[in-house]
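The next block is entry.cif, given as mmCIF, C-alpha atoms.
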```
data_start
#
loop_
_atom_site.label_atom_id
_atom_site.label_comp_id
_atom_site.auth_asym_id
_atom_site.auth_seq_id
_atom_site.Cartn_x
_atom_site.Cartn_y
_atom_site.Cartn_z
CA MET A 1 -126.99 -19.97 -38.17
CA ALA A 2 -125.75 -18.30 -41.31
CA THR A 3 -124.00 -15.00 -40.64
CA SER A 4 -123.78 -12.12 -43.06
CA GLN A 5 -120.06 -12.68 -43.67
CA GLU A 6 -120.95 -15.91 -45.38
CA LEU A 7 -122.58 -14.44 -48.46
CA SER A 8 -120.00 -14.79 -51.14
CA VAL A 9 -119.95 -14.47 -54.89
CA PRO A 10 -118.47 -17.72 -56.11
CA ASP A 11 -117.42 -17.97 -59.72
CA LYS A 12 -119.47 -20.57 -61.52
CA LYS A 13 -117.59 -23.80 -62.10
CA GLU A 14 -117.75 -24.81 -65.70
CA LEU A 15 -118.26 -28.36 -66.81
CA THR A 16 -115.45 -29.41 -69.10
CA GLY A 17 -114.59 -32.69 -70.69
CA SER A 18 -117.68 -34.10 -72.31
CA GLU A 19 -118.98 -32.56 -75.50
CA LYS A 20 -122.57 -31.48 -75.82
CA THR A 21 -124.88 -31.57 -78.78
CA VAL A 22 -126.72 -28.44 -77.68
CA PRO A 23 -124.77 -25.16 -77.97
CA GLY A 24 -124.04 -23.26 -74.81
CA ARG A 25 -121.81 -23.48 -71.80
CA TYR A 26 -122.63 -25.72 -68.91
CA PHE A 27 -121.95 -24.88 -65.29
CA ILE A 28 -122.17 -26.90 -62.12
CA PRO A 29 -124.96 -25.69 -59.80
CA SER A 30 -124.14 -25.19 -56.12
CA THR A 31 -125.78 -28.00 -54.19
CA ASP A 32 -126.59 -28.63 -50.56
CA VAL A 33 -127.16 -32.23 -49.48
CA TYR A 34 -129.08 -32.98 -46.30
CA GLU A 35 -130.08 -36.26 -44.76
CA THR A 36 -133.07 -36.82 -42.52
CA ASN A 37 -134.51 -40.04 -41.17
CA ASN A 38 -136.82 -40.23 -44.14
CA GLY A 39 -134.45 -39.53 -46.95
CA LEU A 40 -132.03 -37.24 -48.66
CA THR A 41 -132.73 -33.70 -49.80
CA LEU A 42 -130.74 -32.08 -52.57
CA VAL A 43 -131.03 -28.32 -53.00
CA MET A 44 -129.50 -26.93 -56.21
CA GLU A 45 -129.19 -23.31 -57.26
CA MET A 46 -129.99 -22.69 -60.91
CA PRO A 47 -130.85 -19.02 -61.40
CA GLY A 48 -132.65 -18.23 -64.62
CA VAL A 49 -134.07 -21.72 -65.06
CA ASN A 50 -137.83 -22.18 -64.99
CA LYS A 51 -139.97 -25.26 -64.63
CA ASP A 52 -140.22 -25.89 -68.35
CA SER A 53 -136.47 -25.99 -68.83
CA ILE A 54 -135.61 -28.49 -66.14
CA ASP A 55 -134.91 -32.11 -66.87
CA VAL A 56 -134.46 -34.60 -64.03
CA SER A 57 -133.80 -38.16 -65.10
CA LEU A 58 -132.76 -41.37 -63.41
CA GLU A 59 -130.96 -44.05 -65.34
CA ASN A 60 -128.72 -46.86 -64.16
CA ASP A 61 -128.46 -45.45 -60.64
CA ILE A 62 -127.36 -42.07 -61.96
CA LEU A 63 -129.58 -39.11 -61.17
CA ARG A 64 -128.98 -36.40 -63.72
CA VAL A 65 -130.28 -32.85 -63.43
CA GLU A 66 -130.12 -30.47 -66.35
CA GLY A 67 -131.48 -26.93 -66.42
CA THR A 68 -131.28 -24.76 -69.51
CA ILE A 69 -131.59 -21.01 -69.67
CA ASP A 70 -133.19 -18.99 -72.41
CA TYR A 71 -130.44 -17.24 -74.38
CA ALA A 72 -133.03 -15.52 -76.56
CA ARG A 73 -133.69 -13.06 -73.75
CA TYR A 74 -130.19 -11.66 -74.18
CA ARG A 75 -130.26 -11.51 -77.93
CA GLU A 76 -130.46 -7.78 -78.39
CA LEU A 77 -128.65 -6.85 -75.22
CA GLU A 78 -125.03 -5.84 -75.45
CA PRO A 79 -122.95 -6.55 -72.33
CA VAL A 80 -121.43 -3.45 -70.81
CA TYR A 81 -120.18 -4.74 -67.46
CA THR A 82 -120.18 -8.37 -66.36
CA GLU A 83 -119.49 -10.04 -63.06
CA TYR A 84 -120.90 -13.50 -63.60
CA ASN A 85 -121.22 -16.08 -66.33
CA ILE A 86 -124.48 -17.06 -67.96
CA GLY A 87 -125.12 -20.61 -69.04
CA HIS A 88 -126.95 -23.86 -68.56
CA PHE A 89 -126.58 -26.08 -65.51
CA THR A 90 -126.03 -29.78 -65.15
CA ARG A 91 -124.96 -32.14 -62.40
CA SER A 92 -125.12 -35.90 -61.89
CA PHE A 93 -125.21 -37.97 -58.73
CA SER A 94 -124.98 -41.70 -58.28
CA LEU A 95 -127.67 -43.00 -55.99
CA SER A 96 -127.36 -45.84 -53.57
CA ASP A 97 -129.91 -48.61 -53.73
CA GLN A 98 -131.31 -47.46 -50.42
CA ILE A 99 -133.26 -44.75 -52.21
CA ASP A 100 -136.87 -45.44 -53.10
CA ARG A 101 -136.75 -44.57 -56.82
CA ASP A 102 -140.48 -44.15 -57.25
CA GLY A 103 -140.78 -41.62 -54.49
CA ILE A 104 -138.39 -38.99 -55.83
CA ALA A 105 -140.04 -35.56 -55.86
CA ALA A 106 -138.84 -32.25 -57.30
CA LYS A 107 -139.84 -28.65 -56.62
CA LEU A 108 -138.55 -25.46 -58.24
CA ASP A 109 -138.85 -22.04 -56.56
CA ASP A 110 -136.97 -18.84 -57.43
CA GLY A 111 -134.29 -20.70 -59.32
CA VAL A 112 -133.71 -23.27 -56.58
CA LEU A 113 -134.51 -26.93 -57.26
CA THR A 114 -135.29 -29.08 -54.24
CA LEU A 115 -135.12 -32.82 -54.83
CA THR A 116 -136.46 -35.15 -52.17
CA LEU A 117 -135.12 -38.68 -52.33
CA PRO A 118 -136.96 -40.86 -49.84
CA LYS A 119 -135.22 -43.84 -48.33
CA SER A 120 -136.74 -47.19 -49.01
CA PRO A 121 -138.56 -48.56 -45.94
CA ALA A 122 -135.86 -51.10 -45.26
CA ALA A 123 -133.22 -48.37 -45.05
CA ARG A 124 -134.96 -46.16 -42.52
CA PRO A 125 -133.56 -46.20 -39.00
CA ARG A 126 -135.67 -48.16 -36.61
CA ARG A 127 -136.30 -47.44 -33.01
CA ILE A 128 -136.19 -50.57 -30.88
CA SER A 129 -138.19 -50.44 -27.68
CA ILE A 130 -137.10 -52.26 -24.60
CA SER A 131 -139.76 -54.40 -23.03
CA MET B 1 -87.92 -14.99 -76.08
CA ALA B 2 -89.55 -16.33 -72.99
CA ARG B 3 -88.31 -15.42 -69.57
CA LEU B 4 -89.30 -16.95 -66.31
CA PRO B 5 -91.97 -14.92 -64.48
CA THR B 6 -90.60 -13.10 -61.50
CA PRO B 7 -92.63 -12.53 -58.36
CA PHE B 8 -92.80 -8.88 -59.33
CA ASP B 9 -94.76 -9.69 -62.46
CA THR B 10 -97.62 -11.09 -60.45
CA LEU B 11 -97.55 -8.12 -58.13
CA LEU B 12 -97.41 -5.64 -60.98
CA SER B 13 -100.24 -7.28 -62.89
CA LEU B 14 -102.33 -7.39 -59.74
CA GLN B 15 -101.77 -3.71 -59.17
CA GLN B 16 -102.59 -3.01 -62.79
CA ALA B 17 -105.83 -4.95 -62.52
CA LEU B 18 -106.80 -3.14 -59.34
CA ASP B 19 -106.06 0.23 -60.90
CA ASP B 20 -108.11 -0.62 -63.96
CA TYR B 21 -110.97 -1.67 -61.75
CA ARG B 22 -110.74 1.47 -59.71
CA THR B 23 -110.64 3.82 -62.65
CA SER B 24 -113.63 2.26 -64.39
CA ARG B 25 -116.62 4.46 -63.80
CA TRP B 26 -119.01 1.57 -63.83
CA MET B 27 -120.25 0.00 -60.67
CA ASP B 28 -118.30 1.85 -58.04
CA ALA B 29 -119.50 0.91 -54.62
CA GLY B 30 -122.10 3.44 -53.58
CA VAL B 31 -122.15 5.15 -50.22
CA SER B 32 -125.14 3.43 -48.67
CA GLY B 33 -124.49 -0.23 -49.19
CA GLY B 34 -121.65 -2.61 -48.59
CA GLY B 35 -120.46 -5.90 -49.89
CA ALA B 36 -120.12 -7.58 -53.24
CA TYR B 37 -123.22 -9.79 -53.26
CA PRO B 38 -125.24 -10.19 -55.50
CA PRO B 39 -123.25 -10.42 -58.74
CA ILE B 40 -124.61 -8.02 -61.35
CA ASN B 41 -124.34 -7.90 -65.12
CA VAL B 42 -125.17 -4.73 -67.01
CA PHE B 43 -126.43 -4.81 -70.59
CA ARG B 44 -127.40 -2.06 -72.95
CA LYS B 45 -129.80 -1.82 -75.84
CA GLY B 46 -129.50 1.57 -77.43
CA ASP B 47 -130.05 4.15 -74.71
CA ASP B 48 -131.63 1.76 -72.25
CA PHE B 49 -129.72 -0.28 -69.72
CA THR B 50 -130.65 -3.52 -68.05
CA LEU B 51 -129.11 -4.58 -64.76
CA VAL B 52 -129.43 -8.28 -64.01
CA ALA B 53 -128.61 -9.62 -60.54
CA GLU B 54 -128.50 -13.30 -59.65
CA ILE B 55 -130.19 -14.03 -56.32
CA PRO B 56 -131.41 -17.61 -56.43
CA GLY B 57 -133.47 -18.68 -53.46
CA VAL B 58 -134.48 -15.16 -52.46
CA LYS B 59 -138.21 -14.52 -52.25
CA LYS B 60 -139.56 -11.43 -54.00
CA SER B 61 -140.89 -10.13 -50.68
CA ASP B 62 -137.36 -10.27 -49.23
CA ILE B 63 -135.88 -7.92 -51.83
CA ASP B 64 -135.57 -4.20 -51.25
CA LEU B 65 -134.74 -2.07 -54.29
CA GLN B 66 -133.89 1.64 -54.24
CA VAL B 67 -132.86 4.05 -56.94
CA LYS B 68 -131.59 7.58 -56.46
CA GLY B 69 -129.54 9.81 -58.67
CA ARG B 70 -126.90 7.56 -60.12
CA THR B 71 -127.08 4.86 -57.47
CA VAL B 72 -128.96 1.59 -57.40
CA ARG B 73 -129.23 -0.23 -54.11
CA ILE B 74 -130.25 -3.88 -53.89
CA SER B 75 -130.68 -5.32 -50.42
CA GLY B 76 -132.44 -8.20 -48.76
CA VAL B 77 -131.94 -11.51 -47.12
CA LYS B 78 -131.19 -14.89 -48.59
CA SER B 79 -132.19 -17.76 -46.38
CA LEU B 80 -131.67 -21.47 -46.63
CA ASP B 81 -134.73 -23.41 -45.55
CA HIS B 82 -133.46 -26.71 -44.48
CA PRO B 83 -135.56 -29.40 -42.85
CA GLU B 84 -135.31 -29.72 -39.09
CA GLU B 85 -133.38 -32.68 -37.71
CA ALA B 86 -131.30 -32.93 -40.83
CA SER B 87 -127.67 -33.78 -40.95
CA LEU B 88 -125.66 -31.86 -43.48
CA HIS B 89 -123.62 -33.85 -45.96
CA ARG B 90 -122.55 -31.03 -48.19
CA ARG B 91 -122.99 -27.27 -48.19
CA GLU B 92 -122.10 -25.23 -51.24
CA ARG B 93 -124.75 -22.53 -51.05
CA SER B 94 -124.36 -19.43 -48.94
CA ALA B 95 -126.92 -17.33 -47.12
CA GLY B 96 -127.28 -14.13 -45.16
CA ARG B 97 -128.19 -10.47 -45.51
CA PHE B 98 -127.01 -8.59 -48.53
CA ASP B 99 -126.89 -4.89 -49.22
CA ARG B 100 -125.14 -3.71 -52.33
CA ALA B 101 -125.18 -0.20 -53.76
CA VAL B 102 -123.63 0.51 -57.12
CA SER B 103 -123.21 3.78 -58.92
CA LEU B 104 -123.66 4.09 -62.65
CA PRO B 105 -122.03 6.72 -64.85
CA PHE B 106 -125.33 8.36 -65.73
CA GLU B 107 -128.28 9.98 -64.02
CA ILE B 108 -131.13 7.47 -63.75
CA ASP B 109 -134.68 8.42 -64.72
CA ALA B 110 -136.32 7.29 -61.49
CA ASP B 111 -139.88 7.57 -62.82
CA ARG B 112 -139.34 5.13 -65.61
CA VAL B 113 -137.51 2.35 -63.79
CA GLN B 114 -139.01 -1.09 -64.21
CA ALA B 115 -138.02 -4.11 -62.20
CA GLU B 116 -138.99 -7.74 -62.62
CA TYR B 117 -138.04 -10.83 -60.70
CA ALA B 118 -138.30 -14.41 -61.89
CA ASP B 119 -136.47 -17.67 -61.14
CA GLY B 120 -133.85 -16.05 -58.97
CA MET B 121 -132.95 -13.32 -61.47
CA LEU B 122 -133.72 -9.68 -60.75
CA ALA B 123 -133.81 -7.51 -63.86
CA LEU B 124 -133.83 -3.73 -63.64
CA HIS B 125 -134.65 -1.71 -66.74
CA LEU B 126 -133.15 1.76 -66.52
CA SER B 127 -132.83 4.68 -68.85
CA GLN B 128 -130.90 7.88 -68.69
CA ALA B 129 -132.70 10.92 -67.30
CA GLU B 130 -133.82 13.31 -70.02
CA GLN B 131 -131.85 16.28 -68.75
CA ASP B 132 -128.72 14.17 -68.63
CA LYS B 133 -128.85 13.07 -72.26
CA PRO B 134 -126.42 14.73 -74.65
CA ARG B 135 -127.82 17.19 -77.16
CA SER B 136 -126.94 17.01 -80.82
CA ILE B 137 -125.38 20.21 -82.10
CA ALA B 138 -125.73 21.17 -85.74
CA ILE B 139 -122.64 22.52 -87.41
CA ARG B 140 -123.20 25.48 -89.69
#
```
Could you write out this structure as structure tokens?
Amino acid sequence: MATSQELSVPDKKELTGSEKTVPGRYFIPSTDVYETNNGLTLVMEMPGVNKDSIDVSLENDILRVEGTIDYARYRELEPVYTEYNIGHFTRSFSLSDQIDRDGIAAKLDDGVLTLTLPKSPAARPRRISIS
Amino acid sequence: MARLPTPFDTLLSLQQALDDYRTSRWMDAGVSGGGAYPPINVFRKGDDFTLVAEIPGVKKSDIDLQVKGRTVRISGVKSLDHPEEASLHRRERSAGRFDRAVSLPFEIDADRVQAEYADGMLALHLSQAEQDKPRSIAIR
């Protein structure tokens, strides 16, 4: 359903406000949120982040995703022309109690993190048959 | 002494910015492609240049890369695989075909181009063609 006019180059939104202990700028990754009968799917774009630099944690109903990029790769490179910002990514979501915390799964492919948050059995829609 | 900005200031600074962009010899749109996606950063290390394009979610097999003369062309398709029977709560990502050609201010050595793709970042290592490099001239 996506048409070619849709591809856009959005400027990365920077996270401001809270101070970090690790140097580097933090940006907010673009996220799609889908809901199926079985749960929620979060798809987040974090180019340049690999599996070893992703941190997904759940604490006090807050799901926090943090992906760091390797600045060392750019150490000897001098920028000549730039169109986009380079930095780490972080985003937090508050989860409802209808999510089955133990079933959360994460997958990272080509810089895109897919988080599957299954609904707890009680929260799934039920089909009621008529006798 | 501060003065209130007039509407002309915005217009003039916009025109200035557009002129600056047009007169820069870097990254003019090439003839073959179209569009502004993907965003590209260009770095240099001595005489070698590295072009880095951000294309998260694009599979390596969906990328088409061409180099000729002074032009680099990056094209492909970015698709969103979403589960069937899903209702969308939020959509911030975009998808579609992309085809971008950019021209660089130097002749590219097509035999020594190296490209690598990892984690949604396409990196192109380019160097100037030998015949295009300037020659040092000794002064007697």
Review point. What residues come out when you apply the PyMOL selection byres ((chain B and resi 115) around 9) to this file, written as a ChimeraX atom specification?
Key: /B:65,113-114,116-117,122-126
Can I get the selection written as a compact mmCIF listing (two decimals), keeping the file's coordinate frame, with C-alpha atoms?
```txt
# COMPACT_ATOMS: atom_id res chain seq x y z
CA LEU B 65 -134.74 -2.07 -54.29
CA VAL B 113 -137.51 2.35 -63.79
CA GLN B 114 -139.01 -1.09 -64.21
CA GLU B 116 -138.99 -7.74 -62.62
CA TYR B 117 -138.04 -10.83 -60.70
CA LEU B 122 -133.72 -9.68 -60.75
CA ALA B 123 -133.81 -7.51 -63.86
CA LEU B 124 -133.83 -3.73 -63.64
CA HIS B 125 -134.65 -1.71 -66.74
CA LEU B 126 -133.15 1.76 -66.52
```
Practice item. Up to 7 Å from (-118.7, -17.2, -62.2) in the file's coordinates: name the residues, counting all atoms listed in the file, as number ranges by chain. Key: A: 10-13, 84-85
Review point. Using only C-alpha atoms, which chain A residues lie at most 8 Å away from chain B, written as an NGL selection string?
Key: :A and (2-9 or 30-37 or 45-50 or 76-84 or 109-112)
Study note, to complete from the structure: Atom pair atom CA of Ile74 of chain B + atom CA of Glu14 of chain A, distance 27.1 Å
Check your understanding: Within 10 Å of Asp47 of chain B, counting only C-alpha atoms, which residues qualify if same-chain residues fewer than 4 places away don't, as an MDAnalysis selection string?
Key -> chainID B and resid 126:128 133
Practice item. Would you mind reading off the distance between atom CA of Ile99 of chain A and atom CA of Arg127 of chain A, one decimal, in Å? Key: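 So the two atoms, atom CA of Ile99 of chain A and atom CA of Arg127 of chain A, lie 19.6 Å apart.
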Review point. Between atom CA of Ala122 of chain A and atom CA of Ser96 of chain A, what is the distance, to one decimal in Å?
Key: 13.0 Å
Review point. Near Val56 of chain A, counting only C-alpha atoms, which residues have an atom at most 9 Å away, once you skip same-chain residues fewer than 6 positions from it, shown as number ranges by chain?
Key: A: 63-67, 106
Point to revise | Surrounding residues of Asp61 of chain A excluding itself and chain neighbours under 3 positions, 9 Å, all atoms listed in the file, as an MDAnalysis selection string | key: chainID A and resid 58 93:97
Review point. Of the candidates A:Phe27, A:Lys107, A:Ser131, A:Gln98, which shows the shortest atom-to-atom distance to Gly39 of chain A, using all atoms listed in the file?
Key: A:Gln98
Practice item. Using only C-alpha atoms, give me every residue within 6 Å of (-128.7, 1.8, -59.6) in file coordinates, as a PyMOL selection string. Key: chain B and resi 67+71-73+102-103
Review point. Taking all atoms listed in the file into account, which of A:Leu108, A:Gly103, A:Leu117, A:Arg25 comes nearest Thr68 of chain A?
Key: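 Distance minimum relative to Thr68 of chain A lands on A:Arg25.
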